[in-house]
Every structure is written in structure tokens, then in C-alpha cells.
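Shown here: query_7.pdb, PDB, N, CA and C atoms and all ligand atoms.
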ATOM      1  N   MET A 294      21.309  -7.137  44.430
ATOM      2  CA  MET A 294      21.483  -6.466  43.129
ATOM      3  C   MET A 294      22.915  -5.954  42.966
ATOM      4  N   ALA A 295      23.443  -5.529  44.121
ATOM      5  CA  ALA A 295      24.806  -5.011  44.057
ATOM      6  C   ALA A 295      25.763  -6.118  43.655
ATOM      7  N   MET A 296      25.525  -7.338  44.181
ATOM      8  CA  MET A 296      26.400  -8.459  43.857
ATOM      9  C   MET A 296      26.332  -8.794  42.370
ATOM     10  N   ALA A 297      25.094  -8.781  41.797
ATOM     11  CA  ALA A 297      24.930  -9.095  40.382
ATOM     12  C   ALA A 297      25.709  -8.099  39.533
ATOM     13  N   GLY A 298      25.630  -6.826  39.957
ATOM     14  CA  GLY A 298      26.374  -5.798  39.216
ATOM     15  C   GLY A 298      27.863  -6.069  39.244
ATOM     16  N   GLU A 299      28.389  -6.507  40.370
ATOM     17  CA  GLU A 299      29.808  -6.830  40.477
ATOM     18  C   GLU A 299      30.157  -8.011  39.569
ATOM     19  N   ASP A 300      29.269  -9.013  39.535
ATOM     20  CA  ASP A 300      29.508 -10.174  38.678
ATOM     21  C   ASP A 300      29.618  -9.748  37.212
ATOM     22  N   CYS A 301      28.681  -8.850  36.839
ATOM     23  CA  CYS A 301      28.692  -8.367  35.456
ATOM     24  C   CYS A 301      30.018  -7.693  35.124
ATOM     25  N   LYS A 302      30.472  -6.824  36.030
ATOM     26  CA  LYS A 302      31.736  -6.117  35.794
ATOM     27  C   LYS A 302      32.883  -7.102  35.631
ATOM     28  N   GLU A 303      32.883  -8.111  36.513
ATOM     29  CA  GLU A 303      33.957  -9.113  36.444
ATOM     30  C   GLU A 303      33.913  -9.863  35.121
ATOM     31  N   GLU A 304      32.669 -10.203  34.702
ATOM     32  CA  GLU A 304      32.527 -10.944  33.451
ATOM     33  C   GLU A 304      33.003 -10.091  32.266
ATOM     34  N   ILE A 305      32.620  -8.820  32.293
ATOM     35  CA  ILE A 305      33.042  -7.910  31.216
ATOM     36  C   ILE A 305      34.572  -7.814  31.178
ATOM     37  N   ARG A 306      35.168  -7.742  32.386
ATOM     38  CA  ARG A 306      36.621  -7.620  32.444
ATOM     39  C   ARG A 306      37.287  -8.856  31.841
ATOM     40  N   LEU A 307      36.743 -10.037  32.185
ATOM     41  CA  LEU A 307      37.301 -11.290  31.656
ATOM     42  C   LEU A 307      37.123 -11.367  30.134
ATOM     43  N   LEU A 308      35.929 -10.954  29.669
ATOM     44  CA  LEU A 308      35.671 -11.004  28.225
ATOM     45  C   LEU A 308      36.626 -10.072  27.482
ATOM     46  N   ARG A 309      36.854  -8.892  28.068
ATOM     47  CA  ARG A 309      37.769  -7.945  27.412
ATOM     48  C   ARG A 309      39.181  -8.526  27.336
ATOM     49  N   GLN A 310      39.563  -9.237  28.411
ATOM     50  CA  GLN A 310      40.884  -9.882  28.399
ATOM     51  C   GLN A 310      40.970 -10.884  27.254
ATOM     52  N   GLN A 311      39.890 -11.688  27.116
ATOM     53  CA  GLN A 311      39.878 -12.703  26.051
ATOM     54  C   GLN A 311      39.943 -12.038  24.676
ATOM     55  N   VAL A 312      39.184 -10.931  24.531
ATOM     56  CA  VAL A 312      39.207 -10.212  23.256
ATOM     57  C   VAL A 312      40.620  -9.735  22.953
ATOM     58  N   GLU A 313      41.293  -9.206  23.966
ATOM     59  CA  GLU A 313      42.655  -8.718  23.747
ATOM     60  C   GLU A 313      43.577  -9.857  23.323
ATOM     61  N   ILE A 314      43.421 -11.023  23.968
ATOM     62  CA  ILE A 314      44.256 -12.188  23.619
ATOM     63  C   ILE A 314      43.988 -12.605  22.171
ATOM     64  N   LEU A 315      42.679 -12.614  21.800
ATOM     65  CA  LEU A 315      42.320 -13.015  20.438
ATOM     66  C   LEU A 315      42.843 -12.006  19.423
ATOM     67  N   GLN A 316      42.753 -10.712  19.762
ATOM     68  CA  GLN A 316      43.254  -9.689  18.826
ATOM     69  C   GLN A 316      44.755  -9.844  18.613
ATOM     70  N   ALA A 317      45.474 -10.149  19.692
ATOM     71  CA  ALA A 317      46.915 -10.362  19.570
ATOM     72  C   ALA A 317      47.199 -11.567  18.684
ATOM     73  N   ARG A 318      46.378 -12.625  18.838
ATOM     74  CA  ARG A 318      46.539 -13.841  18.031
ATOM     75  C   ARG A 318      46.285 -13.533  16.554
ATOM     76  N   VAL A 319      45.240 -12.715  16.294
ATOM     77  CA  VAL A 319      44.921 -12.335  14.911
ATOM     78  C   VAL A 319      46.100 -11.583  14.298
ATOM     79  N   ARG A 320      46.683 -10.658  15.071
ATOM     80  CA  ARG A 320      47.836  -9.904  14.550
ATOM     81  C   ARG A 320      48.991 -10.850  14.228
ATOM     82  N   GLU A 321      49.218 -11.838  15.100
ATOM     83  CA  GLU A 321      50.272 -12.824  14.868
ATOM     84  C   GLU A 321      50.046 -13.568  13.552
ATOM     85  N   LEU A 322      48.788 -14.046  13.378
ATOM     86  CA  LEU A 322      48.465 -14.836  12.192
ATOM     87  C   LEU A 322      48.592 -13.986  10.932
ATOM     88  N   GLU A 323      48.149 -12.726  11.021
ATOM     89  CA  GLU A 323      48.240 -11.849   9.840
ATOM     90  C   GLU A 323      49.694 -11.596   9.469
ATOM     91  N   ALA A 324      50.532 -11.401  10.471
ATOM     92  CA  ALA A 324      51.954 -11.182  10.203
ATOM     93  C   ALA A 324      52.571 -12.410   9.553
ATOM     94  N   ALA A 325      52.197 -13.601  10.053
ATOM     95  CA  ALA A 325      52.722 -14.849   9.482
ATOM     96  C   ALA A 325      52.267 -15.007   8.040
ATOM     97  N   ARG A 326      50.996 -14.628   7.769
ATOM     98  CA  ARG A 326      50.466 -14.748   6.407
ATOM     99  C   ARG A 326      51.193 -13.805   5.465
ATOM    100  N   ARG A 327      51.461 -12.574   5.952
ATOM    101  CA  ARG A 327      52.188 -11.613   5.117
ATOM    102  C   ARG A 327      53.576 -12.140   4.770
ATOM    103  N   GLN A 328      54.233 -12.752   5.764
ATOM    104  CA  GLN A 328      55.567 -13.299   5.511
ATOM    105  C   GLN A 328      55.502 -14.398   4.470
ATOM    106  N   GLN A 329      54.481 -15.265   4.571
ATOM    107  CA  GLN A 329      54.322 -16.342   3.593
ATOM    108  C   GLN A 329      54.121 -15.759   2.201
ATOM    109  N   LEU A 330      53.286 -14.709   2.117
ATOM    110  CA  LEU A 330      52.985 -14.098   0.819
ATOM    111  C   LEU A 330      54.250 -13.532   0.191
ATOM    112  N   THR A 331      55.027 -12.773   0.962
ATOM    113  CA  THR A 331      56.237 -12.173   0.405
ATOM    114  C   THR A 331      57.238 -13.246   0.029
ATOM    115  N   ALA A 332      57.271 -14.348   0.809
ATOM    116  CA  ALA A 332      58.199 -15.440   0.492
ATOM    117  C   ALA A 332      57.821 -16.095  -0.826
ATOM    118  N   SER A 333      56.511 -16.336  -1.047
ATOM    119  CA  SER A 333      56.084 -16.974  -2.282
ATOM    120  C   SER A 333      56.259 -16.028  -3.463
ATOM    121  N   GLN A 334      56.088 -14.722  -3.224
ATOM    122  CA  GLN A 334      56.301 -13.748  -4.301
ATOM    123  C   GLN A 334      57.756 -13.759  -4.735
ATOM    124  N   LYS A 335      58.647 -13.912  -3.752
ATOM    125  CA  LYS A 335      60.069 -13.906  -4.071
ATOM    126  C   LYS A 335      60.425 -15.103  -4.954
ATOM    127  N   THR A 336      59.838 -16.273  -4.653
ATOM    128  CA  THR A 336      60.191 -17.460  -5.418
ATOM    129  C   THR A 336      59.628 -17.380  -6.833
ATOM    130  N   THR A 337      58.413 -16.799  -6.998
ATOM    131  CA  THR A 337      57.826 -16.729  -8.329
ATOM    132  C   THR A 337      58.430 -15.589  -9.139
ATOM    133  N   GLN A 338      58.978 -14.570  -8.464
ATOM    134  CA  GLN A 338      59.524 -13.423  -9.198
ATOM    135  C   GLN A 338      61.038 -13.360  -9.044
ATOM    136  N   SER A 339      61.688 -14.547  -8.997
ATOM    137  CA  SER A 339      63.131 -14.559  -8.795
ATOM    138  C   SER A 339      63.850 -14.009 -10.021
ATOM    139  N   GLN A 340      63.240 -14.175 -11.201
ATOM    140  CA  GLN A 340      63.879 -13.687 -12.425
ATOM    141  C   GLN A 340      63.444 -12.249 -12.692
ATOM    142  N   PRO A 341      64.366 -11.410 -13.144
ATOM    143  CA  PRO A 341      64.016 -10.012 -13.415
ATOM    144  C   PRO A 341      63.131  -9.901 -14.657
ATOM    145  N   PRO A 342      62.322  -8.858 -14.745
ATOM    146  CA  PRO A 342      61.497  -8.679 -15.938
ATOM    147  C   PRO A 342      62.363  -8.388 -17.156
ATOM    148  N   TRP A 343      61.855  -8.694 -18.333
ATOM    149  CA  TRP A 343      62.609  -8.438 -19.566
ATOM    150  C   TRP A 343      61.702  -7.689 -20.543
ATOM    151  N   THR A 344      62.299  -6.832 -21.351
ATOM    152  CA  THR A 344      61.540  -6.013 -22.285
ATOM    153  C   THR A 344      61.571  -6.632 -23.674
ATOM    154  N   CYS A 345      60.408  -6.788 -24.272
ATOM    155  CA  CYS A 345      60.300  -7.367 -25.614
ATOM    156  C   CYS A 345      60.930  -6.420 -26.632
ATOM    157  N   GLU A 346      61.765  -6.991 -27.498
ATOM    158  CA  GLU A 346      62.436  -6.172 -28.510
ATOM    159  C   GLU A 346      61.481  -5.743 -29.621
ATOM    160  N   ILE A 347      60.425  -6.510 -29.837
ATOM    161  CA  ILE A 347      59.505  -6.229 -30.929
ATOM    162  C   ILE A 347      58.506  -5.134 -30.536
ATOM    163  N   CYS A 348      57.844  -5.321 -29.419
ATOM    164  CA  CYS A 348      56.783  -4.368 -29.046
ATOM    165  C   CYS A 348      57.121  -3.578 -27.789
ATOM    166  N   THR A 349      58.290  -3.817 -27.196
ATOM    167  CA  THR A 349      58.801  -3.128 -26.003
ATOM    168  C   THR A 349      57.931  -3.344 -24.763
ATOM    169  N   TYR A 350      57.099  -4.354 -24.779
ATOM    170  CA  TYR A 350      56.304  -4.669 -23.593
ATOM    171  C   TYR A 350      57.211  -5.296 -22.533
ATOM    172  N   GLU A 351      57.032  -4.884 -21.270
ATOM    173  CA  GLU A 351      57.858  -5.443 -20.197
ATOM    174  C   GLU A 351      57.212  -6.701 -19.637
ATOM    175  N   ASN A 352      57.841  -7.842 -19.909
ATOM    176  CA  ASN A 352      57.293  -9.129 -19.480
ATOM    177  C   ASN A 352      57.871  -9.543 -18.141
ATOM    178  N   THR A 353      57.172 -10.456 -17.448
ATOM    179  CA  THR A 353      57.701 -11.008 -16.208
ATOM    180  C   THR A 353      58.825 -11.970 -16.538
ATOM    181  N   GLY A 354      59.775 -12.126 -15.610
ATOM    182  CA  GLY A 354      60.969 -12.929 -15.865
ATOM    183  C   GLY A 354      60.686 -14.382 -16.163
ATOM    184  N   VAL A 355      59.568 -14.916 -15.648
ATOM    185  CA  VAL A 355      59.305 -16.348 -15.809
ATOM    186  C   VAL A 355      58.718 -16.680 -17.177
ATOM    187  N   SER A 356      58.108 -15.701 -17.865
ATOM    188  CA  SER A 356      57.467 -16.020 -19.150
ATOM    189  C   SER A 356      58.520 -16.167 -20.238
ATOM    190  N   PRO A 357      58.508 -17.291 -20.997
ATOM    191  CA  PRO A 357      59.509 -17.547 -22.025
ATOM    192  C   PRO A 357      59.280 -16.747 -23.295
ATOM    193  N   GLU A 358      58.058 -16.202 -23.462
ATOM    194  CA  GLU A 358      57.786 -15.410 -24.661
ATOM    195  C   GLU A 358      56.945 -14.196 -24.290
ATOM    196  N   CYS A 359      56.945 -13.207 -25.209
ATOM    197  CA  CYS A 359      56.237 -11.958 -24.947
ATOM    198  C   CYS A 359      54.734 -12.217 -24.809
ATOM    199  N   ALA A 360      54.134 -11.607 -23.789
ATOM    200  CA  ALA A 360      52.706 -11.800 -23.549
ATOM    201  C   ALA A 360      51.872 -11.084 -24.605
ATOM    202  N   ILE A 361      52.437 -10.099 -25.296
ATOM    203  CA  ILE A 361      51.680  -9.324 -26.278
ATOM    204  C   ILE A 361      51.857  -9.886 -27.689
ATOM    205  N   CYS A 362      53.105 -10.014 -28.159
ATOM    206  CA  CYS A 362      53.323 -10.409 -29.559
ATOM    207  C   CYS A 362      53.899 -11.814 -29.685
ATOM    208  N   HIS A 363      54.118 -12.514 -28.548
ATOM    209  CA  HIS A 363      54.589 -13.906 -28.525
ATOM    210  C   HIS A 363      55.962 -14.092 -29.155
ATOM    211  N   SER A 364      56.759 -13.043 -29.175
ATOM    212  CA  SER A 364      58.140 -13.209 -29.612
ATOM    213  C   SER A 364      58.915 -13.950 -28.521
ATOM    214  N   ALA A 365      59.868 -14.758 -28.935
ATOM    215  CA  ALA A 365      60.662 -15.506 -27.959
ATOM    216  C   ALA A 365      61.546 -14.550 -27.173
ATOM    217  N   LYS A 366      61.753 -14.890 -25.908
ATOM    218  CA  LYS A 366      62.620 -14.076 -25.072
ATOM    219  C   LYS A 366      64.056 -14.178 -25.565
ATOM    220  N   ASN A 367      64.706 -13.055 -25.714
ATOM    221  CA  ASN A 367      66.096 -13.050 -26.156
ATOM    222  C   ASN A 367      67.010 -13.192 -24.945
ATOM    223  N   ASN A 368      67.642 -14.360 -24.841
ATOM    224  CA  ASN A 368      68.502 -14.620 -23.686
ATOM    225  C   ASN A 368      69.913 -14.077 -23.883
ATOM    226  N   GLN A 369      70.189 -13.549 -25.070
ATOM    227  CA  GLN A 369      71.554 -13.158 -25.382
ATOM    228  C   GLN A 369      71.851 -11.700 -25.019
ATOM    229  N   ARG A 370      70.977 -11.073 -24.285
ATOM    230  CA  ARG A 370      71.212  -9.680 -23.914
ATOM    231  C   ARG A 370      72.312  -9.612 -22.859
ATOM    232  N   TRP A 371      72.969  -8.478 -22.789
ATOM    233  CA  TRP A 371      73.989  -8.304 -21.764
ATOM    234  C   TRP A 371      73.749  -6.975 -21.056
ATOM    235  N   VAL A 372      74.043  -6.978 -19.770
ATOM    236  CA  VAL A 372      73.812  -5.795 -18.956
ATOM    237  C   VAL A 372      75.121  -5.033 -18.799
ATOM    238  N   CYS A 373      75.097  -3.745 -19.118
ATOM    239  CA  CYS A 373      76.287  -2.899 -19.024
ATOM    240  C   CYS A 373      76.795  -2.871 -17.588
ATOM    241  N   HIS A 374      78.106  -3.098 -17.403
ATOM    242  CA  HIS A 374      78.679  -3.119 -16.059
ATOM    243  C   HIS A 374      78.847  -1.706 -15.515
ATOM    244  N   VAL A 375      78.726  -0.694 -16.371
ATOM    245  CA  VAL A 375      78.916   0.689 -15.928
ATOM    246  C   VAL A 375      77.587   1.321 -15.513
ATOM    247  N   CYS A 376      76.586   1.275 -16.420
ATOM    248  CA  CYS A 376      75.331   1.969 -16.137
ATOM    249  C   CYS A 376      74.171   1.005 -15.903
ATOM    250  N   GLY A 377      74.380  -0.295 -16.144
ATOM    251  CA  GLY A 377      73.332  -1.272 -15.883
ATOM    252  C   GLY A 377      72.286  -1.366 -16.970
ATOM    253  N   PHE A 378      72.516  -0.718 -18.115
ATOM    254  CA  PHE A 378      71.546  -0.768 -19.195
ATOM    255  C   PHE A 378      71.515  -2.148 -19.830
ATOM    256  N   ASP A 379      70.309  -2.614 -20.183
ATOM    257  CA  ASP A 379      70.126  -3.937 -20.778
ATOM    258  C   ASP A 379      70.309  -3.825 -22.289
ATOM    259  N   ASN A 380      71.473  -4.258 -22.800
ATOM    260  CA  ASN A 380      71.806  -4.067 -24.207
ATOM    261  C   ASN A 380      71.494  -5.281 -25.062
ATOM    262  N   ASN A 381      71.318  -5.063 -26.344
ATOM    263  CA  ASN A 381      71.115  -6.138 -27.304
ATOM    264  C   ASN A 381      72.417  -6.886 -27.520
ATOM    265  N   GLU A 382      72.305  -8.178 -27.835
ATOM    266  CA  GLU A 382      73.482  -9.020 -28.061
ATOM    267  C   GLU A 382      74.343  -8.472 -29.193
ATOM    268  N   LEU A 383      73.699  -7.908 -30.218
ATOM    269  CA  LEU A 383      74.388  -7.504 -31.435
ATOM    270  C   LEU A 383      75.253  -6.268 -31.232
ATOM    271  N   THR A 384      75.011  -5.495 -30.182
ATOM    272  CA  THR A 384      75.800  -4.296 -29.952
ATOM    273  C   THR A 384      76.996  -4.630 -29.091
ATOM    274  N   ASN A 385      78.175  -4.182 -29.500
ATOM    275  CA  ASN A 385      79.381  -4.404 -28.713
ATOM    276  C   ASN A 385      79.580  -3.303 -27.689
ATOM    277  N   LYS A 386      78.920  -2.171 -27.924
ATOM    278  CA  LYS A 386      79.034  -1.060 -26.986
ATOM    279  C   LYS A 386      77.681  -0.772 -26.362
ATOM    280  N   CYS A 387      77.720  -0.309 -25.105
ATOM    281  CA  CYS A 387      76.485   0.044 -24.408
ATOM    282  C   CYS A 387      75.777   1.158 -25.164
ATOM    283  N   GLN A 388      74.474   0.997 -25.346
ATOM    284  CA  GLN A 388      73.708   2.001 -26.083
ATOM    285  C   GLN A 388      73.573   3.303 -25.304
ATOM    286  N   VAL A 389      73.854   3.271 -24.015
ATOM    287  CA  VAL A 389      73.686   4.464 -23.188
ATOM    288  C   VAL A 389      75.028   5.163 -22.949
ATOM    289  N   CYS A 390      76.031   4.408 -22.448
ATOM    290  CA  CYS A 390      77.285   5.064 -22.055
ATOM    291  C   CYS A 390      78.458   4.632 -22.925
ATOM    292  N   GLU A 391      78.198   3.765 -23.920
ATOM    293  CA  GLU A 391      79.200   3.325 -24.885
ATOM    294  C   GLU A 391      80.351   2.568 -24.260
ATOM    295  N   SER A 392      80.143   1.952 -23.107
ATOM    296  CA  SER A 392      81.155   1.062 -22.541
ATOM    297  C   SER A 392      81.159  -0.236 -23.329
ATOM    298  N   GLY A 393      82.293  -0.916 -23.389
ATOM    299  CA  GLY A 393      82.385  -2.175 -24.117
ATOM    300  C   GLY A 393      81.671  -3.289 -23.379
ATOM    301  N   ASN A 394      81.312  -4.336 -24.150
ATOM    302  CA  ASN A 394      80.684  -5.514 -23.565
ATOM    303  C   ASN A 394      81.771  -6.392 -22.968
ATOM    304  N   VAL A 395      81.979  -6.296 -21.664
ATOM    305  CA  VAL A 395      83.087  -7.006 -21.005
ATOM    306  C   VAL A 395      82.906  -8.511 -21.097
ATOM    307  N   SER A 396      81.651  -8.976 -20.944
ATOM    308  CA  SER A 396      81.422 -10.420 -20.850
ATOM    309  C   SER A 396      81.794 -11.139 -22.140
ATOM    310  N   SER A 397      81.635 -10.500 -23.318
ATOM    311  CA  SER A 397      81.867 -11.195 -24.577
ATOM    312  C   SER A 397      83.320 -11.110 -25.017
ATOM    313  N   ARG A 398      84.089 -10.181 -24.485
ATOM    314  CA  ARG A 398      85.477 -10.082 -24.953
ATOM    315  C   ARG A 398      86.446  -9.895 -23.796
ATOM    316  N   SER A 399      86.117 -10.521 -22.670
ATOM    317  CA  SER A 399      86.966 -10.374 -21.497
ATOM    318  C   SER A 399      88.347 -10.985 -21.730
ATOM    319  N   HIS A 400      88.398 -12.031 -22.626
ATOM    320  CA  HIS A 400      89.671 -12.700 -22.877
ATOM    321  C   HIS A 400      90.601 -11.839 -23.714
ATOM    322  N   ARG A 401      90.054 -10.746 -24.276
ATOM    323  CA  ARG A 401      90.877  -9.898 -25.137
ATOM    324  C   ARG A 401      91.371  -8.641 -24.438
ATOM    325  N   ILE A 402      90.987  -8.483 -23.174
ATOM    326  CA  ILE A 402      91.271  -7.233 -22.489
ATOM    327  C   ILE A 402      92.782  -7.014 -22.382
ATOM    328  N   VAL A 403      93.556  -8.106 -22.147
ATOM    329  CA  VAL A 403      95.009  -7.975 -21.987
ATOM    330  C   VAL A 403      95.623  -7.480 -23.288
ATOM    331  N   CYS A 404      95.141  -8.023 -24.432
ATOM    332  CA  CYS A 404      95.681  -7.633 -25.722
ATOM    333  C   CYS A 404      95.344  -6.175 -26.063
ATOM    334  N   ASP A 405      94.161  -5.725 -25.626
ATOM    335  CA  ASP A 405      93.759  -4.360 -25.921
ATOM    336  C   ASP A 405      94.732  -3.382 -25.273
TER
HETATM  337 ZN    ZN B   1      56.391  -8.263 -27.692
HETATM  338 ZN    ZN B   2      76.307   1.594 -20.098
END
Will you turn the file into C-alpha cells for me?
Ligand SMILES: [Zn+2]
Ligand SMILES: [Zn+2]
Amino acid sequence: MAMAGEDCKEEIRLLRQQVEILQARVRELEAARRQQLTASQKTTQSQPPWTCEICTYENTGVSPECAICHSAKNNQRWVCHVCGFDNNELTNKCQVCESGNVSSRSHRIVCD
């Protein structure tokens, strides 16, 4: 009986070792899956979100039109180089800090 008890202990020890190996493998696979997920998220969300001018809904960068009112995405917006505000094409000055739109009149800076 004593021998059987020893066998049981040995078997339990081996099983626990296997469980530990499997748990480590599961952690490896989960980490790999997380990396894949973040990588695919990066590729699908490479474009920054844009705000609809009509209804101010914030759309994902990949959608060509507003998800709420179906207005076309305005590609002519410019981002202020000073404060980073997303300005309308029609404004020459930043709506927040009143800096000039450098991208549209950079060729005139010397004359100014
Ligand atoms: Zn909209
Ligand atoms: Zn600004």
C-alpha cells in the first residue's frame, strides 16, 4: 500500500508539471493573439477620426461619409500647426488660436 501511495504522489507531481507547461503555453498563445489583435486594429484604424460638419458626429477615419447624416467627408480641412485644431478649409485663420493656415499660403511667407 505504501508503494501505491508513492506512485500516486509521483503521478500527481508529473501531472502538475504538465499542467504548468500547458498553462505557460496558454499564456504564450494569448499574448500572441493580443499582438495580432492590436496589429489588425492598427491597420484598420490607420486614419484618424473626422468630425462631421453637419451633425458633428465623430466618424471613423475609414468611412468616406458620415454614419449619421451621410454627408461626404470633407478632405479639405487643415490642422493648425500651433494648437492642432482641425479647421475648416474656408477659414484662413485657426478658429482656436488664430494662427494662419501655413499649408495654403506657405509660398507667400517670404513676401509677408
Ligand atoms: Zn453628419
Ligand atoms: Zn490653432
Please evaluate the PyMOL selection byres (((not hetatm) and name CA) within 9 of (chain B and resi 1)) against the displayed coordinates and give the resulting residues as a ChimeraX atom specification. /A:344-352,358-366
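Going from atom N of A:Gln310 over to atom C of A:Glu323, you cover 21.6 Å.
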Q.
So that I can check the secondary structure, give me every residue of stretch 302-390 of chain A assigned helix (DSSP H, G or I) by backbone DSSP, as a VMD selection string.
A. chain A and resid 302 to 337
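Neighbours of ligand ZN 2 (chain B) at a cut-off of 8 Å, computed so that only C-alpha atoms and all ligand atoms are counted, are the residues A:Val372, A:Cys373, A:His374, A:Val375, A:Cys376, A:Gly377, A:Phe378, A:Lys386, A:Cys387, A:Gln388, A:Val389, A:Cys390, A:Glu391, A:Ser392.
The residues of stretch 363-398 of chain A that DSSP classifies as strand (DSSP E or B), using the backbone of this structure, are A:Ala365, A:Trp371, A:Val372, A:Asp379, A:Asn380, A:Lys386, A:Gly393.
Going from atom CA of A:Ala332 to atom CA of A:Val355 covers 16.4 Å.
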What residues come out when you apply the PyMOL selection byres (((chain A and resi 381) around 6.5) and not hetatm) to this file, written as a list of chain:residue names?
-> A:Gln369, A:Arg370, A:Trp371, A:Asp379, A:Asn380, A:Glu382, A:Leu383, A:Thr384
